[in-house]
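Asker: Just model_11.txt, nothing more (compact mmCIF, C-alpha atoms):
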# COMPACT_ATOMS: atom_id res chain seq x y z
CA MET A 1 169.35 74.17 78.04
CA LEU A 2 171.25 75.33 74.97
CA PRO A 3 174.91 75.06 73.93
CA SER A 4 176.85 77.94 75.46
CA ASN A 5 177.75 79.32 72.01
CA LEU A 6 174.03 80.03 71.45
CA LEU A 7 173.66 82.11 74.62
CA ARG A 8 172.38 85.64 73.92
CA ILE A 9 173.05 88.20 76.65
CA LYS A 10 173.24 91.93 77.25
CA ILE A 11 175.56 93.48 79.83
CA LYS A 12 175.12 96.86 81.47
CA GLY A 13 177.72 97.72 84.11
CA ASN A 14 177.85 94.77 86.49
CA GLU A 15 174.40 93.50 85.45
CA ILE A 16 173.78 90.68 82.98
CA MET A 17 170.50 89.65 81.37
CA PRO A 18 169.60 87.03 78.75
CA VAL A 19 168.11 88.41 75.54
CA PHE A 20 164.71 86.79 75.96
CA ALA A 21 162.43 86.25 72.97
CA GLU A 22 159.37 88.46 73.17
CA ILE A 23 156.05 86.75 72.46
CA ASN A 24 155.27 89.00 69.51
CA ASP A 25 154.08 88.52 65.91
CA GLU A 26 157.61 88.65 64.51
CA ASN A 27 158.96 85.85 66.71
CA LEU A 28 155.76 83.83 66.48
CA TYR A 29 156.10 83.90 62.68
CA LEU A 30 159.58 82.39 62.82
CA ALA A 31 158.54 79.79 65.39
CA ASP A 32 155.51 78.80 63.32
CA SER A 33 157.60 78.53 60.13
CA LEU A 34 160.07 76.20 61.83
CA LEU A 35 157.34 74.08 63.38
CA GLU A 36 155.68 73.63 59.99
CA ILE A 37 158.95 72.32 58.53
CA TYR A 38 159.39 69.79 61.35
CA ARG A 39 155.78 68.62 61.01
CA SER A 40 156.14 68.17 57.24
CA CYS A 41 159.31 66.08 57.60
CA VAL A 42 157.72 63.27 59.64
CA GLY A 43 158.32 60.11 57.59
CA LYS A 44 161.30 61.66 55.81
CA LYS A 45 165.03 61.48 56.49
CA ILE A 46 167.09 63.75 58.74
CA GLY A 47 168.94 64.89 55.64
CA ASP A 48 165.68 66.16 54.11
CA LEU A 49 164.93 68.12 57.28
CA GLU A 50 168.41 69.66 57.36
CA GLU A 51 168.10 70.84 53.75
CA ALA A 52 164.75 72.49 54.50
CA ILE A 53 166.18 74.14 57.63
CA LYS A 54 169.16 75.54 55.69
CA GLU A 55 166.80 77.25 53.25
CA GLU A 56 164.70 78.62 56.13
CA GLU A 57 167.80 79.96 57.89
CA LEU A 58 168.79 81.93 54.77
CA LYS A 59 165.32 83.47 54.68
CA ALA A 60 165.50 84.28 58.39
CA GLU A 61 168.89 85.92 57.90
CA ASP A 62 167.45 88.13 55.14
CA LEU A 63 164.63 89.13 57.50
CA GLY A 64 167.13 90.19 60.17
CA TYR A 65 166.74 87.39 62.73
CA ASP A 66 169.73 86.68 64.98
CA PHE A 67 171.32 83.41 63.86
CA LYS A 68 171.77 82.40 67.53
CA PHE A 69 168.03 82.79 68.05
CA PHE A 70 167.26 80.71 64.94
CA ARG A 71 169.66 77.94 65.89
CA GLY A 72 168.48 77.99 69.50
CA LEU A 73 164.93 77.27 68.34
CA LYS A 74 166.24 74.56 66.01
CA THR A 75 168.17 72.93 68.86
CA LEU A 76 165.02 72.68 70.97
CA LEU A 77 163.00 71.29 68.05
CA ASP A 78 165.67 68.70 67.20
CA ARG A 79 165.25 67.29 70.70
CA ARG A 80 161.55 66.74 70.03
CA LEU A 81 162.16 64.44 67.07
CA VAL A 82 161.39 60.75 67.42
CA LEU A 83 163.67 58.74 65.14
CA GLU A 84 163.03 55.26 63.84
CA GLU A 85 165.11 52.71 65.69
CA PHE A 86 167.06 50.39 63.47
CA ASP A 87 165.97 46.97 64.64
CA ASP A 88 167.97 44.32 62.90
CA SER A 89 169.87 41.25 64.01
CA ILE A 90 172.69 42.14 61.63
CA ASP A 91 175.29 44.57 62.90
CA PRO A 92 175.70 47.56 60.50
CA ILE A 93 179.47 47.55 61.19
CA ARG A 94 179.67 43.93 60.07
CA VAL A 95 177.73 44.77 56.89
CA ARG A 96 180.00 47.71 56.06
CA ALA A 97 183.15 45.65 56.68
CA LEU A 98 181.89 42.95 54.31
CA VAL A 99 180.92 45.46 51.59
CA PHE A 100 184.32 47.19 51.76
CA GLU A 101 186.11 43.83 51.66
CA LEU A 102 184.16 42.76 48.59
CA ALA A 103 184.72 46.14 46.92
CA ASN A 104 188.45 45.87 47.54
CA ASN A 105 188.55 42.43 45.87
CA TYR A 106 186.23 43.41 43.01
CA LYS A 107 188.09 44.16 39.74
CA ASP A 108 191.26 44.94 41.70
CA GLY A 109 189.38 47.45 43.82
CA LEU A 110 188.09 49.47 40.85
CA VAL A 111 184.43 50.19 41.59
CA ILE A 112 183.71 52.83 38.97
CA ASP A 113 179.95 53.06 38.45
CA GLU A 114 176.53 52.33 39.94
CA LYS A 115 176.39 48.97 38.18
CA ASP A 116 179.56 47.85 39.96
CA ARG A 117 178.20 49.10 43.31
CA ALA A 118 174.92 47.25 42.76
CA SER A 119 176.85 44.03 42.00
CA ILE A 120 178.81 44.36 45.27
CA PHE A 121 175.65 44.96 47.30
CA ASP A 122 173.99 41.94 45.61
CA LEU A 123 177.00 39.75 46.44
CA ALA A 124 177.07 40.93 50.07
CA ALA A 125 173.33 40.32 50.38
CA GLN A 126 173.73 36.75 49.07
CA LYS A 127 176.50 36.04 51.59
CA LEU A 128 174.34 37.33 54.47
CA GLY A 129 171.12 35.78 53.17
CA ILE A 130 169.11 39.01 53.09
CA ASP A 131 167.45 41.22 50.46
CA SER A 132 169.76 43.61 48.58
CA GLU A 133 167.63 46.69 49.35
CA ARG A 134 167.56 45.76 53.02
CA LEU A 135 171.33 45.47 53.01
CA LYS A 136 171.64 48.98 51.55
CA GLU A 137 169.46 50.34 54.37
CA ILE A 138 171.66 48.63 56.96
CA PHE A 139 174.79 49.91 55.23
CA LEU A 140 173.57 53.54 55.32
CA SER A 141 172.04 53.40 58.80
CA VAL A 142 175.25 54.64 60.45
CA TYR A 143 174.85 58.03 58.76
CA GLU A 144 172.74 60.45 60.78
CA GLU A 145 171.25 62.10 57.69
CA GLU A 146 169.88 58.72 56.59
CA GLN A 147 167.88 58.19 59.77
CA LYS A 148 164.12 58.41 59.32
CA ILE A 149 161.89 60.64 61.39
CA LYS A 150 159.17 58.55 62.98
CA ASP A 151 157.34 61.34 64.83
CA PHE A 152 157.62 64.87 66.17
CA ASN A 153 156.45 66.04 69.61
CA ASP A 154 154.51 69.05 68.44
CA LEU A 155 153.80 72.24 70.36
CA ARG A 156 152.40 75.71 69.71
CA PRO A 157 154.64 78.59 68.51
CA GLU A 158 154.21 80.55 71.75
CA GLU A 159 155.13 77.45 73.77
CA LEU A 160 158.32 77.07 71.74
CA LEU A 161 159.29 80.69 72.46
CA ARG A 162 158.64 80.25 76.19
CA PHE A 163 160.71 77.06 76.33
CA TYR A 164 163.44 78.93 74.47
CA ASN A 165 163.45 81.64 77.14
CA LEU A 166 163.68 79.06 79.91
CA SER A 167 166.52 77.28 78.10
CA LEU A 168 168.32 80.60 77.65
CA MET A 169 168.14 81.32 81.38
CA GLN A 170 169.32 77.77 82.15
CA THR A 171 172.28 78.24 79.80
CA LEU A 172 173.29 81.37 81.67
CA MET A 173 173.38 79.24 84.83
CA PHE A 174 176.16 77.12 83.33
CA LYS A 175 178.52 79.78 84.67
CA CYS A 176 176.70 80.51 87.92
CA ARG A 177 178.76 80.64 91.11
CA LYS A 178 176.01 81.26 93.64
CA LEU A 179 172.24 81.45 93.51
CA TYR A 180 169.90 83.15 95.96
CA VAL A 181 166.23 82.21 95.76
CA ASP A 182 163.28 83.79 97.56
CA VAL A 183 160.27 81.66 96.82
CA GLN A 184 156.65 81.31 97.88
CA ILE A 185 156.18 77.59 97.66
CA SER A 186 153.84 74.80 98.73
CA GLY A 187 154.98 71.87 100.82
CA GLY A 188 154.71 69.49 97.87
CA GLU A 189 156.79 71.76 95.66
CA MET A 190 159.35 72.16 98.45
CA ARG A 191 159.64 68.38 98.78
CA ARG A 192 160.39 68.09 95.07
CA LEU A 193 162.87 70.97 95.22
CA LEU A 194 164.72 69.48 98.21
CA TRP A 195 164.78 66.07 96.53
CA LEU A 196 166.22 67.62 93.37
CA MET A 197 168.89 69.59 95.28
CA LYS A 198 169.91 66.39 97.07
CA LYS A 199 170.05 64.47 93.80
CA LEU A 200 172.21 67.18 92.23
CA HIS A 201 174.51 67.28 95.30
CA LEU A 202 173.89 70.97 95.93
CA LEU A 203 174.35 72.53 99.35
CA TYR A 204 171.97 75.16 100.66
CA LEU A 205 171.13 77.31 103.63
CA ALA A 206 167.49 78.16 104.33
CA GLU A 207 165.69 80.81 106.31
CA GLN A 208 162.17 82.14 106.53
CA SER A 209 161.52 85.14 104.27
CA TYR A 210 158.72 87.69 104.04
CA PHE A 211 156.58 85.59 101.71
CA GLY A 212 158.15 82.13 101.92
CA ILE A 213 161.58 80.53 101.97
CA ASN A 214 164.94 82.10 101.20
CA LEU A 215 167.56 79.68 99.87
CA ALA A 216 171.25 80.35 99.40
CA ILE A 217 172.35 77.53 97.11
CA ASP A 218 176.01 76.67 96.78
CA GLY A 219 178.01 73.79 95.37
CA PRO A 220 180.69 71.71 97.10
CA ALA A 221 183.38 72.74 94.62
CA SER A 222 182.43 76.38 94.06
CA VAL A 223 184.44 77.65 97.05
CA ILE A 224 187.56 76.00 95.66
CA LYS A 225 187.30 76.85 91.99
CA GLN A 226 184.74 77.89 89.45
CA THR A 227 183.06 74.98 87.73
CA GLU A 228 180.49 74.93 84.95
CA ARG A 229 179.32 71.54 86.18
CA TYR A 230 178.00 73.24 89.29
CA GLY A 231 176.24 75.87 87.18
CA THR A 232 174.69 73.12 85.06
CA ARG A 233 173.30 71.50 88.20
CA MET A 234 171.78 74.80 89.24
CA ALA A 235 170.11 75.10 85.85
CA HIS A 236 168.03 72.01 86.59
CA LEU A 237 166.30 73.85 89.46
CA LEU A 238 164.83 76.62 87.29
CA PRO A 239 161.87 74.72 85.73
CA LEU A 240 160.56 73.92 89.21
CA LEU A 241 161.21 77.41 90.60
CA ILE A 242 159.38 79.29 87.84
CA GLN A 243 156.24 77.23 88.40
CA THR A 244 155.86 78.33 92.03
CA LYS A 245 153.38 80.98 93.16
CA ASN A 246 155.99 83.70 93.56
CA TRP A 247 159.75 83.78 93.12
CA HIS A 248 162.76 86.06 92.96
CA ILE A 249 166.25 84.91 92.01
CA ARG A 250 169.64 86.60 92.20
CA ALA A 251 172.59 84.82 90.65
CA TYR A 252 176.26 85.65 90.29
CA ILE A 253 177.62 84.72 86.88
CA SER A 254 181.30 84.25 85.99
CA LEU A 255 182.30 85.32 82.50
CA LYS A 256 185.70 85.53 80.86
CA THR A 257 186.63 88.92 79.42
CA LYS A 258 188.51 89.33 76.15
CA PHE A 259 191.69 89.47 78.26
CA LYS A 260 190.77 86.03 79.71
CA LYS A 261 190.09 87.45 83.14
CA ILE A 262 187.09 86.35 85.18
CA LYS A 263 184.39 88.95 85.74
CA VAL A 264 181.47 88.31 88.08
CA LEU A 265 178.14 89.80 86.98
CA ARG A 266 174.77 89.84 88.69
CA PHE A 267 171.62 88.40 87.15
CA GLU A 268 168.33 89.22 88.86
CA LEU A 269 164.78 88.33 87.89
CA SER A 270 161.40 87.82 89.53
CA LYS A 271 158.04 86.46 88.49
CA ASN A 272 156.59 89.99 88.33
CA TYR A 273 159.03 90.95 85.57
CA SER A 274 158.84 87.72 83.58
CA MET A 275 155.11 87.14 83.18
CA GLY A 276 154.44 85.36 79.89
CA LEU A 277 158.10 84.66 79.14
CA PHE A 278 158.24 81.12 80.47
CA PRO A 279 156.08 77.95 80.22
CA SER A 280 153.01 78.07 82.44
CA SER A 281 152.77 75.78 85.46
CA VAL A 282 151.43 72.28 85.02
CA GLY A 283 148.76 71.14 87.47
CA GLU A 284 149.42 67.93 89.36
CA GLU A 285 147.12 65.54 91.14
CA ILE A 286 147.31 65.46 94.93
CA SER A 287 149.43 62.51 96.03
CA TYR A 288 149.79 61.01 99.47
CA ASP A 289 152.77 59.40 101.15
CA SER A 290 150.63 56.71 102.76
CA TYR A 291 147.16 55.17 102.92
CA VAL A 292 146.77 56.53 106.48
CA GLU A 293 147.23 60.11 105.23
CA GLU A 294 144.82 59.66 102.33
CA GLU A 295 142.07 58.10 104.45
CA PHE A 296 142.43 60.71 107.21
CA SER A 297 142.26 63.57 104.70
CA LYS A 298 139.02 62.31 103.17
CA LYS A 299 137.33 61.64 106.53
CA PHE A 300 138.45 64.87 108.19
CA PHE A 301 137.11 66.88 105.25
CA THR A 302 133.59 65.57 105.94
CA ALA A 303 133.93 65.42 109.76
CA SER A 304 134.65 69.10 110.37
CA ALA A 305 132.89 72.12 108.95
CA ALA A 306 134.90 74.62 111.00
CA TRP A 307 138.41 73.39 110.22
CA GLN A 308 139.77 73.32 106.67
CA ILE A 309 142.47 70.83 105.75
CA VAL A 310 145.34 71.70 103.40
CA ARG A 311 147.64 69.00 102.02
CA GLU A 312 151.42 69.77 102.20
CA PRO A 313 151.20 73.43 103.26
CA GLU A 314 154.02 75.98 103.15
CA PRO A 315 157.38 74.70 104.46
CA LEU A 316 158.77 75.85 107.82
CA VAL A 317 162.40 76.57 108.62
CA VAL A 318 163.73 74.78 111.71
CA GLY A 319 167.30 75.83 112.41
CA ARG A 320 169.15 75.25 109.15
CA SER A 321 166.78 72.61 107.83
CA ILE A 322 163.28 72.70 106.37
CA PHE A 323 160.23 70.97 107.86
CA ILE A 324 157.25 70.22 105.61
CA PRO A 325 154.15 69.17 107.61
CA ASP A 326 151.73 66.67 106.10
CA PHE A 327 148.73 68.96 106.65
CA ALA A 328 147.69 72.40 107.84
CA LEU A 329 144.36 72.63 109.71
CA ILE A 330 142.89 76.13 109.44
CA ASN A 331 140.00 77.76 111.30
CA GLY A 332 139.78 81.51 110.73
CA ASP A 333 143.07 83.00 111.90
CA LYS A 334 144.04 79.76 113.69
CA LYS A 335 146.46 77.40 111.96
CA VAL A 336 147.68 74.08 113.37
CA TYR A 337 150.10 71.84 111.50
CA LEU A 338 149.69 68.06 111.52
CA GLU A 339 152.52 65.56 111.01
CA ILE A 340 151.62 61.86 110.74
CA MET A 341 154.39 59.43 111.68
CA GLY A 342 153.78 55.89 110.48
CA PHE A 343 157.34 54.56 110.88
CA TRP A 344 159.57 55.56 113.74
CA SER A 345 162.03 54.66 116.44
CA GLU A 346 161.76 56.15 119.91
CA ASP A 347 165.09 57.91 119.52
CA TYR A 348 164.01 59.37 116.19
CA ILE A 349 160.76 60.74 117.66
CA LYS A 350 162.59 62.31 120.60
CA ARG A 351 165.04 64.02 118.27
CA LYS A 352 162.17 65.11 116.02
CA ILE A 353 160.27 66.66 118.93
CA GLU A 354 163.39 68.37 120.21
CA LYS A 355 163.90 69.97 116.81
CA LEU A 356 160.24 70.93 116.35
CA GLN A 357 160.12 72.66 119.73
CA ALA A 358 162.16 75.39 118.08
CA LEU A 359 158.96 76.29 116.19
CA LYS A 360 157.75 78.52 118.99
CA ASP A 361 155.31 80.46 116.79
CA ALA A 362 153.80 77.36 115.15
CA ASN A 363 151.23 74.98 116.65
CA LEU A 364 151.77 71.33 115.81
CA ILE A 365 149.98 68.01 116.29
CA LEU A 366 152.25 64.99 116.06
CA ALA A 367 150.29 61.81 115.31
CA ILE A 368 152.24 58.63 116.12
CA ASP A 369 151.25 55.06 115.23
CA SER A 370 151.38 53.30 118.64
CA SER A 371 150.73 49.87 117.10
CA LEU A 372 154.42 49.77 116.13
CA GLY A 373 155.57 49.65 119.74
CA LYS A 374 155.58 51.32 123.13
CA ILE A 375 156.85 54.84 123.42
CA ASN A 376 157.78 56.88 126.49
CA LEU A 377 157.88 60.60 125.86
CA GLU A 378 158.48 63.48 128.21
CA ARG A 379 155.99 66.31 128.34
CA THR A 380 156.38 68.64 125.34
CA ASN A 381 156.04 72.38 125.05
CA GLY A 382 152.56 73.87 124.77
CA ASN A 383 152.79 74.31 121.01
CA ILE A 384 153.15 70.56 120.34
CA GLU A 385 150.34 68.10 121.02
CA ILE A 386 150.91 64.34 120.64
CA VAL A 387 148.12 62.04 119.47
CA LEU A 388 148.59 58.27 119.48
CA TYR A 389 146.68 56.13 116.98
CA GLU A 390 146.61 52.49 115.93
CA LYS A 391 146.88 51.92 112.18
CA LYS A 392 144.08 54.43 111.40
CA LEU A 393 144.05 58.06 112.50
CA SER A 394 140.70 59.19 113.91
CA SER A 395 139.28 62.59 112.94
CA ALA A 396 137.67 62.77 116.38
CA ASP A 397 141.06 62.45 118.11
CA ILE A 398 142.47 65.28 116.01
CA LEU A 399 139.45 67.49 116.64
CA ARG A 400 139.90 66.96 120.40
CA ALA A 401 143.54 67.95 120.09
CA LEU A 402 142.56 71.04 118.10
CA LYS A 403 140.34 72.28 120.93
CA LYS A 404 143.46 72.78 123.07
CA PHE A 405 144.69 75.32 120.52
CA GLU A 406 141.38 77.15 120.01
CA SER A 407 141.68 79.13 123.24
CA SER A 408 145.39 79.87 122.91
As structure tokens, please, write out the structure in this file.

Answerer:
Amino acid sequence: MLPSNLLRIKIKGNEIMPVFAEINDENLYLADSLLEIYRSCVGKKIGDLEEAIKEEELKAEDLGYDFKFFRGLKTLLDRRLVLEEFDDSIDPIRVRALVFELANNYKDGLVIDEKDRASIFDLAAQKLGIDSERLKEIFLSVYEEEQKIKDFNDLRPEELLRFYNLSLMQTLMFKCRKLYVDVQISGGEMRRLLWLMKKLHLLYLAEQSYFGINLAIDGPASVIKQTERYGTRMAHLLPLLIQTKNWHIRAYISLKTKFKKIKVLRFELSKNYSMGLFPSSVGEEISYDSYVEEEFSKKFFTASAAWQIVREPEPLVVGRSIFIPDFALINGDKKVYLEIMGFWSEDYIKRKIEKLQALKDANLILAIDSSLGKINLERTNGNIEIVLYEKKLSSADILRALKKFESS
């Protein structure tokens, strides 16, 4: 995300769109020039970097670059700096207080040249029992421009431009009132998205869409008054959304006009119209919620040639909530979902089954660990099959359950 004063937008009627940076030679040149400056300043002070950046900004201005674009790139690069931490047992504030006290008492407070300053630093160093040069470093450490650059998290010019575009879109979301998302998403991605929405205290409604899940995301305060805090929370969802297989977003943005009135504009974008603008997705290793799931997945893969197993398949909408099965078992045009329950109470399972029975078009196997206690369940609908297991889930038991769905 960028400061709101660096947001670049274009407005046409009631439509609003960020001015994204094209991945072209002109923009790559500027990105590369900035990156080279940051690389060359490792080991130097922040002040040295700022001086080099000022010179580069004047050159960029002469070449016709938008100053907001230049400073937006600089903002992102500043965040990738690793500064040396000042590790000292002596508090810099204490050092500065002592130096100023000594200076005030030195020749009636008349410190007129470098020789006088050196004498004061030597005297302060003697009182604190440290080296004079070390004391000067501590004295100056409170100034940002004196901080040393330890390292820089490098990246390629095209990556910088793509992160800039993502940050620009996030900045627009600072003023977002409502966000509609249509997304084709895996179960694992949906879990992360739901976890993030819960963490950010966002409210949502979900329904099945043509190619996935449709989310209408709202904030608890947005119906009462407009709040940029809510828009900032929404902005945190974008990095996850743009990495999904397919997505389309529609957002309503509140902007103040020159007469200080609020105008609501629509921002709309999909993956088809943003290819190459944003950072590419990052592959992740398959993770399992439990040892039972991991062991079953490995054994089932070798036990059945006909049925394929897919970890955390697409999410399913049940009422107003979202259900993400542990696995999908696929054989041709047949698909059966598998949910493994390792921890449960009888009341919880009954409520879970009651909710899942609303999935009339989805076949489901519910595997329950019976070693945790006795369970008495009423007969379920034909689309839900219950399999009891003890500590380890047998592939053979699941294959037997699957046969009941093969003829349906």

Asker: What does the distance between atom CA of A:Glu406 and atom CA of A:Trp307 come to in Å, to one decimal place?

Answerer: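 Here the two named atoms are 10.9 Å from each other.
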
Asker: Please list, as a list in words, the residues that have an atom at most 7 Å away from (156.0, 79.3, 62.6) in the coordinates of this file, counting only C-alpha atoms.

Answerer: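 Those within range, by chain then number, are Leu28, Tyr29, Leu30, Ala31, Asp32, Ser33, Leu34, Leu35, Glu36 and Pro157 of chain A.
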
Asker: So which residues touch A:Lys12 within 12 Å, counting all atoms listed in the file, skipping near sequence neighbours fewer than 5 positions away, as an MDAnalysis selection string?

Answerer: chainID A and resid 17:18 265:267

Asker: From the list A:Val264, A:Leu135, A:Ile330, A:Met190, which residue is nearest A:Ala306 when using all atoms listed in the file?

Answerer: A:Ile330

Asker: Please compute the atom CA of A:Asn27-atom CA of A:Tyr65 distance, one decimal, in Å.

Answerer: 8.9 Å

Asker: Identify the residues around (166.6, 76.2, 114.1) within a radius of 12 Å, measuring from all atoms listed in the file in the coordinates stated by the file, and give them as a list in words.

Answerer: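 Answer for this query, in the requested form: Leu205, Ala206, Glu207, Gln208, Leu316, Val317, Val318, Gly319, Arg320, Ser321, Ile322, Phe323, Glu354, Lys355, Leu356, Gln357, Ala358, Leu359 and Lys360 of chain A.
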
Asker: Which residues, written as a count of residues only, have at least one atom at most 10 Å from A:Lys136, with all atoms listed in the file counted and residues fewer than 2 positions away on the same chain left out?

Answerer: 17

Asker: For the contact check between stretch 69-152 of chain A and stretch 60-64 of chain A, emit one row per residue of stretch 69-152 of chain A within 12 Å, containing the shortest atom pair and the distance in Å rounded to one decimal, counting all atoms listed in the file, chain then rising number order, as JSON lines.

Answerer:
{"residue": "A:Phe69", "atom": "CA", "partner": "A:Ala60", "partner_atom": "CA", "distance": 10.1}
{"residue": "A:Phe70", "atom": "CA", "partner": "A:Ala60", "partner_atom": "CA", "distance": 7.7}
{"residue": "A:Arg71", "atom": "CA", "partner": "A:Ala60", "partner_atom": "CA", "distance": 10.7}

Asker: From the options A:Asp361, A:Leu98, A:Ala52, A:Arg8, which residue's atoms come nearest to A:Lys127, counting only C-alpha atoms?

Answerer: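 Checking each of A:Asp361, A:Leu98, A:Ala52, A:Arg8 against A:Lys127, counting only C-alpha atoms, the winner is A:Leu98.
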
Asker: Tell me which of A:Glu312, A:Asp369, A:Glu295, A:Glu159 sits closest to A:Tyr337, counting only C-alpha atoms.

Answerer: A:Glu312

Asker: For A:Lys335, work out the shell of residues within 10 Å, counting all atoms listed in the file and skipping chain neighbours fewer than 3 positions away, then give it as a list of chain:residue names.

Answerer: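 Near A:Lys335, the qualifying residues are A:Trp307, A:Gln308, A:Ile309, A:Ala328, A:Leu329, A:Ile330, A:Asn331, A:Gly332, A:Leu338, A:Ala362, A:Asn363, A:Leu364, A:Leu402, A:Phe405, A:Glu406.
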
Asker: Tell me, in Å to one decimal, how far atom CA of A:Ser186 is from atom CA of A:Tyr389.

Answerer: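 Those two atoms sit 27.1 Å apart.
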
Asker: Using only C-alpha atoms, find the one residue out of A:Ala103, A:Val292, A:Ile249, A:Leu203 that sits nearest to A:Ser395.

Answerer: A:Val292

Asker: Which polymer residues have any atom within 10 Å of an atom of stretch 172-174 of chain A, counting only C-alpha atoms, with same-chain residues fewer than 6 positions away left out, as a list in words?

Answerer: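 Listing them by chain and then by number gives Met1, Leu2, Pro3, Ser4, Leu7, Arg8, Ile9, Ile16, Met17, Pro18, Thr227, Glu228, Arg229, Tyr230, Gly231, Thr232, Arg233, Met234, Ala235, His236, Leu238, Ala251, Tyr252, Ile253, Ser254, Leu255 and Phe267 of chain A.
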
Asker: Rank nothing, just name the residue among A:Arg250, A:Glu101, A:Phe259, A:Leu123 nearest to A:Cys176, using all atoms listed in the file.

Answerer: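 Using all atoms listed in the file, the shortest distance to A:Cys176 belongs to A:Arg250.
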
Asker: Select, from A:Tyr180, A:Tyr273, A:Tyr291, A:Phe100, the residue with the minimum atom-to-atom distance to A:Leu237, counting all atoms listed in the file.

Answerer: A:Tyr180
